[in-house]
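Shown next: data_8.cif, containing mmCIF, N, CA and C atoms and all ligand atoms.
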data_entry
#
loop_
_atom_site.label_atom_id
_atom_site.label_comp_id
_atom_site.auth_asym_id
_atom_site.auth_seq_id
_atom_site.Cartn_x
_atom_site.Cartn_y
_atom_site.Cartn_z
N MET A 1 0.84 -1.21 0.00
CA MET A 1 0.00 0.00 0.00
C MET A 1 0.87 1.26 0.00
N LYS A 2 1.87 1.23 0.85
CA LYS A 2 2.74 2.40 0.96
C LYS A 2 3.48 2.68 -0.35
N MET A 3 3.79 1.57 -1.05
CA MET A 3 4.52 1.69 -2.32
C MET A 3 3.71 2.48 -3.37
N LEU A 4 2.41 2.43 -3.24
CA LEU A 4 1.54 3.05 -4.26
C LEU A 4 1.49 4.57 -4.15
N ILE A 5 1.71 5.07 -2.97
CA ILE A 5 1.47 6.50 -2.75
C ILE A 5 2.36 7.38 -3.62
N LYS A 6 3.63 7.03 -3.70
CA LYS A 6 4.55 7.90 -4.45
C LYS A 6 4.21 8.06 -5.92
N PRO A 7 4.02 6.92 -6.65
CA PRO A 7 3.65 7.10 -8.07
C PRO A 7 2.36 7.89 -8.25
N VAL A 8 1.41 7.68 -7.38
CA VAL A 8 0.13 8.38 -7.50
C VAL A 8 0.36 9.88 -7.31
N LEU A 9 1.15 10.20 -6.32
CA LEU A 9 1.44 11.61 -6.05
C LEU A 9 2.16 12.23 -7.23
N PHE A 10 3.09 11.45 -7.78
CA PHE A 10 3.85 11.94 -8.92
C PHE A 10 2.96 12.21 -10.12
N LEU A 11 2.06 11.25 -10.37
CA LEU A 11 1.16 11.41 -11.52
C LEU A 11 0.22 12.60 -11.33
N THR A 12 -0.25 12.76 -10.12
CA THR A 12 -1.15 13.88 -9.84
C THR A 12 -0.42 15.19 -10.11
N LEU A 13 0.80 15.25 -9.64
CA LEU A 13 1.61 16.46 -9.81
C LEU A 13 1.89 16.71 -11.29
N ALA A 14 2.22 15.64 -12.00
CA ALA A 14 2.53 15.76 -13.43
C ALA A 14 1.31 16.26 -14.19
N ALA A 15 0.15 15.74 -13.85
CA ALA A 15 -1.09 16.15 -14.51
C ALA A 15 -1.35 17.63 -14.23
N PHE A 16 -1.08 18.02 -13.02
CA PHE A 16 -1.29 19.39 -12.59
C PHE A 16 -0.43 20.34 -13.41
N ILE A 17 0.82 20.01 -13.54
CA ILE A 17 1.76 20.85 -14.28
C ILE A 17 1.37 20.89 -15.76
N ALA A 18 0.98 19.74 -16.30
CA ALA A 18 0.59 19.68 -17.70
C ALA A 18 -0.62 20.58 -17.95
N THR A 19 -1.60 20.55 -17.07
CA THR A 19 -2.80 21.38 -17.24
C THR A 19 -2.43 22.85 -17.19
N ALA A 20 -1.59 23.21 -16.25
CA ALA A 20 -1.22 24.61 -16.09
C ALA A 20 -0.49 25.13 -17.32
N ALA A 21 0.20 24.22 -18.01
CA ALA A 21 1.02 24.64 -19.14
C ALA A 21 0.21 24.86 -20.41
N ILE A 22 -0.96 24.25 -20.49
CA ILE A 22 -1.72 24.30 -21.74
C ILE A 22 -1.97 25.73 -22.22
N ALA A 23 -2.57 26.52 -21.35
CA ALA A 23 -2.95 27.86 -21.79
C ALA A 23 -1.74 28.79 -21.91
N ALA A 24 -0.66 28.44 -21.21
CA ALA A 24 0.50 29.32 -21.21
C ALA A 24 1.32 29.20 -22.49
N GLU A 25 1.02 28.19 -23.28
CA GLU A 25 1.82 27.89 -24.46
C GLU A 25 1.81 29.02 -25.49
N GLY A 26 2.88 29.77 -25.53
CA GLY A 26 3.04 30.75 -26.59
C GLY A 26 2.25 32.04 -26.47
N GLY A 27 1.49 32.20 -25.40
CA GLY A 27 0.68 33.40 -25.26
C GLY A 27 1.31 34.41 -24.32
N ASN A 28 1.23 35.68 -24.68
CA ASN A 28 1.78 36.74 -23.84
C ASN A 28 0.61 37.58 -23.31
N PRO A 29 0.29 37.40 -22.01
CA PRO A 29 -0.91 38.05 -21.49
C PRO A 29 -0.85 39.57 -21.48
N ARG A 30 0.35 40.13 -21.38
CA ARG A 30 0.45 41.60 -21.38
C ARG A 30 0.13 42.17 -22.75
N LYS A 31 0.67 41.52 -23.76
CA LYS A 31 0.30 41.91 -25.12
C LYS A 31 -1.18 41.65 -25.34
N GLY A 32 -1.63 40.52 -24.78
CA GLY A 32 -3.03 40.12 -24.95
C GLY A 32 -3.99 41.17 -24.44
N LYS A 33 -3.68 41.77 -23.32
CA LYS A 33 -4.55 42.79 -22.75
C LYS A 33 -4.68 43.97 -23.71
N HIS A 34 -3.54 44.38 -24.22
CA HIS A 34 -3.50 45.49 -25.17
C HIS A 34 -4.30 45.14 -26.44
N LEU A 35 -4.05 43.93 -26.95
CA LEU A 35 -4.71 43.49 -28.18
C LEU A 35 -6.21 43.34 -27.98
N PHE A 36 -6.57 42.87 -26.79
CA PHE A 36 -7.99 42.71 -26.47
C PHE A 36 -8.70 44.05 -26.59
N LYS A 37 -8.08 45.08 -26.01
CA LYS A 37 -8.68 46.42 -26.05
C LYS A 37 -8.72 46.94 -27.48
N LYS A 38 -7.63 46.68 -28.21
CA LYS A 38 -7.51 47.23 -29.55
C LYS A 38 -8.41 46.50 -30.55
N THR A 39 -8.45 45.17 -30.47
CA THR A 39 -9.17 44.42 -31.51
C THR A 39 -10.57 43.97 -31.09
N CYS A 40 -10.70 43.40 -29.91
CA CYS A 40 -12.00 42.84 -29.52
C CYS A 40 -12.96 43.94 -29.10
N LYS A 41 -12.43 44.93 -28.41
CA LYS A 41 -13.30 45.98 -27.87
C LYS A 41 -13.95 46.86 -28.93
N THR A 42 -13.41 46.80 -30.15
CA THR A 42 -14.04 47.60 -31.20
C THR A 42 -15.48 47.14 -31.42
N CYS A 43 -15.73 45.87 -31.19
CA CYS A 43 -17.10 45.36 -31.34
C CYS A 43 -17.76 45.05 -30.01
N HIS A 44 -16.96 44.92 -28.97
CA HIS A 44 -17.49 44.43 -27.69
C HIS A 44 -17.40 45.45 -26.56
N SER A 45 -17.73 46.70 -26.82
CA SER A 45 -17.82 47.67 -25.73
C SER A 45 -19.28 47.80 -25.31
N SER A 46 -19.51 48.44 -24.18
CA SER A 46 -20.89 48.52 -23.70
C SER A 46 -21.76 49.26 -24.70
N GLY A 47 -22.93 48.73 -24.93
CA GLY A 47 -23.84 49.33 -25.88
C GLY A 47 -23.74 48.73 -27.28
N ASP A 48 -22.64 48.00 -27.54
CA ASP A 48 -22.50 47.37 -28.86
C ASP A 48 -23.44 46.18 -28.99
N GLU A 49 -23.83 45.93 -30.23
CA GLU A 49 -24.75 44.83 -30.49
C GLU A 49 -24.14 43.48 -30.12
N ALA A 50 -22.84 43.33 -30.36
CA ALA A 50 -22.17 42.06 -30.09
C ALA A 50 -22.10 41.77 -28.59
N GLY A 51 -22.35 42.79 -27.78
CA GLY A 51 -22.38 42.58 -26.34
C GLY A 51 -21.02 42.78 -25.70
N GLU A 52 -21.03 43.41 -24.54
CA GLU A 52 -19.79 43.62 -23.82
C GLU A 52 -19.47 42.35 -23.03
N PHE A 53 -18.20 42.02 -22.93
CA PHE A 53 -17.81 40.92 -22.03
C PHE A 53 -16.46 41.24 -21.44
N THR A 54 -16.11 40.56 -20.39
CA THR A 54 -14.84 40.78 -19.70
C THR A 54 -14.17 39.42 -19.50
N PRO A 55 -12.91 39.42 -19.06
CA PRO A 55 -12.27 38.12 -18.79
C PRO A 55 -13.12 37.26 -17.85
N MET A 56 -13.82 37.93 -16.94
CA MET A 56 -14.61 37.21 -15.93
C MET A 56 -15.92 36.62 -16.46
N SER A 57 -16.22 36.90 -17.72
CA SER A 57 -17.47 36.39 -18.28
C SER A 57 -17.47 34.87 -18.41
N LYS A 58 -16.27 34.29 -18.40
CA LYS A 58 -16.18 32.83 -18.52
C LYS A 58 -15.16 32.31 -17.52
N ILE A 59 -15.20 30.98 -17.33
CA ILE A 59 -14.16 30.36 -16.52
C ILE A 59 -13.04 29.88 -17.46
N GLN A 60 -11.91 29.52 -16.88
CA GLN A 60 -10.73 29.21 -17.69
C GLN A 60 -10.99 28.15 -18.76
N SER A 61 -11.66 27.07 -18.39
CA SER A 61 -11.88 25.99 -19.36
C SER A 61 -12.79 26.46 -20.49
N GLN A 62 -13.70 27.37 -20.18
CA GLN A 62 -14.59 27.89 -21.23
C GLN A 62 -13.83 28.76 -22.21
N TRP A 63 -12.89 29.57 -21.71
CA TRP A 63 -12.09 30.38 -22.63
C TRP A 63 -11.26 29.49 -23.53
N ASP A 64 -10.65 28.45 -22.94
CA ASP A 64 -9.82 27.57 -23.76
C ASP A 64 -10.65 26.88 -24.83
N ARG A 65 -11.85 26.43 -24.46
CA ARG A 65 -12.70 25.76 -25.43
C ARG A 65 -13.12 26.74 -26.52
N PHE A 66 -13.46 27.94 -26.10
CA PHE A 66 -13.90 28.98 -27.03
C PHE A 66 -12.82 29.25 -28.09
N PHE A 67 -11.56 29.38 -27.64
CA PHE A 67 -10.48 29.68 -28.58
C PHE A 67 -10.06 28.44 -29.37
N ASP A 68 -10.08 27.28 -28.74
CA ASP A 68 -9.71 26.06 -29.45
C ASP A 68 -10.67 25.79 -30.59
N LYS A 69 -11.94 26.03 -30.33
CA LYS A 69 -12.94 25.75 -31.37
C LYS A 69 -13.15 26.95 -32.28
N LYS A 70 -12.51 28.07 -31.94
CA LYS A 70 -12.76 29.33 -32.66
C LYS A 70 -14.26 29.54 -32.79
N ASP A 71 -14.91 29.50 -31.65
CA ASP A 71 -16.37 29.54 -31.58
C ASP A 71 -16.86 30.98 -31.77
N HIS A 72 -16.54 31.56 -32.92
CA HIS A 72 -16.83 32.97 -33.15
C HIS A 72 -17.13 33.20 -34.63
N ASP A 73 -17.78 34.27 -34.90
CA ASP A 73 -18.02 34.68 -36.27
C ASP A 73 -16.67 34.77 -37.01
N GLU A 74 -16.50 33.98 -38.05
CA GLU A 74 -15.20 33.89 -38.75
C GLU A 74 -14.73 35.23 -39.33
N LYS A 75 -15.65 35.94 -39.91
CA LYS A 75 -15.29 37.19 -40.58
C LYS A 75 -14.71 38.21 -39.60
N ALA A 76 -15.27 38.22 -38.41
CA ALA A 76 -14.83 39.19 -37.41
C ALA A 76 -13.38 38.96 -36.99
N TRP A 77 -12.92 37.71 -37.12
CA TRP A 77 -11.58 37.36 -36.65
C TRP A 77 -10.57 37.23 -37.79
N LYS A 78 -10.98 37.48 -39.03
CA LYS A 78 -10.10 37.16 -40.15
C LYS A 78 -8.83 38.02 -40.18
N ASP A 79 -8.89 39.22 -39.62
CA ASP A 79 -7.70 40.08 -39.62
C ASP A 79 -6.86 39.95 -38.36
N ILE A 80 -7.24 39.07 -37.47
CA ILE A 80 -6.48 38.89 -36.23
C ILE A 80 -5.57 37.68 -36.40
N SER A 81 -4.27 37.87 -36.19
CA SER A 81 -3.33 36.77 -36.41
C SER A 81 -3.45 35.70 -35.34
N GLU A 82 -2.96 34.52 -35.66
CA GLU A 82 -2.96 33.40 -34.71
C GLU A 82 -2.26 33.78 -33.41
N GLN A 83 -1.11 34.46 -33.58
CA GLN A 83 -0.33 34.84 -32.40
C GLN A 83 -1.11 35.83 -31.53
N ASP A 84 -1.76 36.79 -32.17
CA ASP A 84 -2.55 37.76 -31.42
C ASP A 84 -3.68 37.05 -30.66
N LEU A 85 -4.30 36.08 -31.31
CA LEU A 85 -5.38 35.34 -30.65
C LEU A 85 -4.84 34.57 -29.44
N LYS A 86 -3.64 34.02 -29.59
CA LYS A 86 -3.03 33.30 -28.47
C LYS A 86 -2.79 34.22 -27.29
N ASP A 87 -2.29 35.43 -27.60
CA ASP A 87 -2.02 36.40 -26.54
C ASP A 87 -3.33 36.81 -25.84
N ILE A 88 -4.34 37.03 -26.64
CA ILE A 88 -5.64 37.43 -26.08
C ILE A 88 -6.22 36.29 -25.24
N GLN A 89 -6.10 35.08 -25.77
CA GLN A 89 -6.58 33.90 -25.02
C GLN A 89 -5.89 33.82 -23.66
N GLN A 90 -4.58 34.07 -23.68
CA GLN A 90 -3.82 33.98 -22.43
C GLN A 90 -4.28 35.04 -21.43
N PHE A 91 -4.52 36.24 -21.91
CA PHE A 91 -4.98 37.32 -21.04
C PHE A 91 -6.34 36.98 -20.44
N LEU A 92 -7.27 36.52 -21.28
CA LEU A 92 -8.61 36.21 -20.79
C LEU A 92 -8.57 35.04 -19.82
N PHE A 93 -7.73 34.04 -20.15
CA PHE A 93 -7.58 32.86 -19.30
C PHE A 93 -7.03 33.25 -17.93
N ASP A 94 -6.00 34.09 -17.94
CA ASP A 94 -5.35 34.47 -16.68
C ASP A 94 -6.28 35.22 -15.73
N HIS A 95 -7.31 35.87 -16.30
CA HIS A 95 -8.20 36.67 -15.45
C HIS A 95 -9.65 36.20 -15.52
N ALA A 96 -9.80 34.91 -15.85
CA ALA A 96 -11.15 34.33 -15.90
C ALA A 96 -11.79 34.31 -14.52
N ALA A 97 -13.08 34.02 -14.49
CA ALA A 97 -13.84 34.06 -13.25
C ALA A 97 -13.24 33.14 -12.18
N ASP A 98 -12.69 32.00 -12.58
CA ASP A 98 -12.14 31.07 -11.60
C ASP A 98 -10.61 31.15 -11.51
N SER A 99 -10.04 32.24 -12.03
CA SER A 99 -8.58 32.41 -11.97
C SER A 99 -8.20 33.04 -10.63
N PRO A 100 -6.91 33.04 -10.31
CA PRO A 100 -6.49 33.68 -9.05
C PRO A 100 -6.72 35.20 -9.06
N GLN A 101 -6.76 35.80 -10.25
CA GLN A 101 -6.96 37.26 -10.33
C GLN A 101 -8.05 37.62 -11.33
N PRO A 102 -9.31 37.38 -10.97
CA PRO A 102 -10.39 37.70 -11.89
C PRO A 102 -10.42 39.20 -12.20
N GLN A 103 -10.73 39.53 -13.43
CA GLN A 103 -10.75 40.95 -13.80
C GLN A 103 -12.07 41.29 -14.48
N THR A 104 -12.67 42.38 -14.05
CA THR A 104 -13.94 42.78 -14.64
C THR A 104 -13.73 43.78 -15.77
N CYS A 105 -12.60 44.46 -15.75
CA CYS A 105 -12.41 45.44 -16.80
C CYS A 105 -11.51 44.88 -17.88
N GLY A 106 -11.74 45.30 -19.10
CA GLY A 106 -10.96 44.77 -20.20
C GLY A 106 -9.74 45.59 -20.48
C1 LIG A 201 -16.08 42.77 -36.09
C2 LIG A 201 -16.70 42.72 -34.79
C3 LIG A 201 -16.16 41.75 -33.76
C4 LIG A 201 -14.86 41.64 -33.31
C5 LIG A 201 -13.63 42.39 -33.80
C6 LIG A 201 -14.89 40.65 -32.27
N1 LIG A 201 -16.15 40.17 -32.08
FE1 LIG A 201 -16.75 38.80 -30.70
N2 LIG A 201 -18.62 38.84 -31.42
C7 LIG A 201 -19.06 39.67 -32.43
C8 LIG A 201 -20.47 39.43 -32.68
C9 LIG A 201 -21.34 40.12 -33.73
C10 LIG A 201 -20.86 38.42 -31.74
C11 LIG A 201 -22.23 37.79 -31.58
C12 LIG A 201 -22.34 36.75 -32.64
C13 LIG A 201 -23.32 35.70 -32.31
O1 LIG A 201 -24.14 35.88 -31.42
O2 LIG A 201 -23.22 34.67 -32.96
C14 LIG A 201 -19.68 38.10 -30.96
C15 LIG A 201 -19.67 37.19 -29.92
C16 LIG A 201 -18.60 36.99 -29.08
C17 LIG A 201 -18.63 36.22 -27.87
C18 LIG A 201 -19.82 35.51 -27.28
C19 LIG A 201 -19.78 34.09 -27.73
C20 LIG A 201 -20.45 33.23 -26.73
O3 LIG A 201 -21.52 32.74 -27.03
O4 LIG A 201 -19.89 33.05 -25.64
C21 LIG A 201 -17.38 36.26 -27.33
C22 LIG A 201 -16.91 35.61 -26.05
C23 LIG A 201 -16.58 37.04 -28.23
N3 LIG A 201 -17.34 37.48 -29.27
C24 LIG A 201 -15.23 37.26 -28.05
C25 LIG A 201 -14.44 38.03 -28.88
C26 LIG A 201 -13.01 38.19 -28.73
C27 LIG A 201 -12.18 37.53 -27.65
C28 LIG A 201 -12.61 39.02 -29.70
C29 LIG A 201 -11.19 39.50 -30.00
C30 LIG A 201 -10.23 38.46 -30.30
C31 LIG A 201 -13.78 39.39 -30.49
N4 LIG A 201 -14.87 38.76 -29.95
C32 LIG A 201 -13.77 40.25 -31.56
C33 LIG A 201 -18.31 40.59 -33.13
C34 LIG A 201 -16.97 40.81 -32.99
#
Could you quickly redo this structure as structure tokens?
Amino acid sequence: MKMLIKPVLFLTLAAFIATAAIAAEGGNPRKGKHLFKKTCKTCHSSGDEAGEFTPMSKIQSQWDRFFDKKDHDEKAWKDISEQDLKDIQQFLFDHAADSPQPQTCG
């Protein structure tokens, strides 16, 4: 029984690290914040038809799913580069509702 504890602990830890690394891959949250304001906010400010939203509008897994599936109007995103989207994803993920630092302002 005692022999089992270590591998289990190791696997749990490894899974934890792997999960934490997913969203961090290649995204720069500081650039993302700037890009979010510059590109997304043009359509997503208060009063806009597309609706205002903030990083806190979703939880981390929802942001990842949203960006992985590109669950958005294609035309609206056609001028935004892959790298920019990664940065924005990272910013939104870092400040999602269930993140350590939720943010209401974009
Ligand atoms: C050209 C205008 C435009 C731009 C730029 C734009 N959006 Fe949107 N977005 C829309 C419209 C219109 C909708 C609503 C479409 C619909 O309801 O199907 C929408 C919907 C959304 C939704 C709600 C989807 C849902 O159901 O949860 C999110 C989140 C979103 N956009 C995020 C973003 C992000 C992040 C960016 C910047 C990378 C962005 N948008 C840039 C027009 C835009």
#### Entry: Cut-off 6 Å around (2.2, 31.3, -28.9) with only N, CA and C atoms: residues as JSON, numbers by chain
{"A": [25, 26, 27, 83, 86]}
### Message
Using only N, CA and C atoms and all ligand atoms for the distances, tell me which of A:Ile59, A:Ala50, A:Ala97, A:Leu92 is nearest to ligand LIG 201 (chain A).
### Response
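Of A:Ile59, A:Ala50, A:Ala97, A:Leu92, the one nearest ligand LIG 201 (chain A) is A:Ala50, counting only N, CA and C atoms and all ligand atoms.
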### Message
Give me, as JSON, numbers by chain, the set of residues whose atoms come within 7 Å of any atom of ligand LIG 201 (chain A), counting only N, CA and C atoms and all ligand atoms.
### Response
{"A": [35, 36, 39, 40, 41, 42, 43, 44, 49, 50, 51, 53, 71, 72, 73, 75, 76, 77, 84, 85, 88, 89]}
#### Entry: Expected residue set, 6 Å radius at (0.0, 44.7, -27.8), all atoms listed in the file, as a PyMOL selection string
chain A and resi 30-32+34-35
### Query
Could you pull the residues within 7 Å of Ala96 (chain A), counting only C-alpha atoms, minus those fewer than 5 positions along the same chain, as a list of chain:residue names?
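Once the nearby chain positions are removed, what remains is A:Pro55, A:Met56, A:Lys58, A:Ile59, A:Gln60, A:Pro102, A:Gln103.
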### Task
Provide the CA of Asp68 (chain A) to CA of Glu82 (chain A) distance in Å, to one decimal place.
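These two atoms are separated by 11.3 Å.
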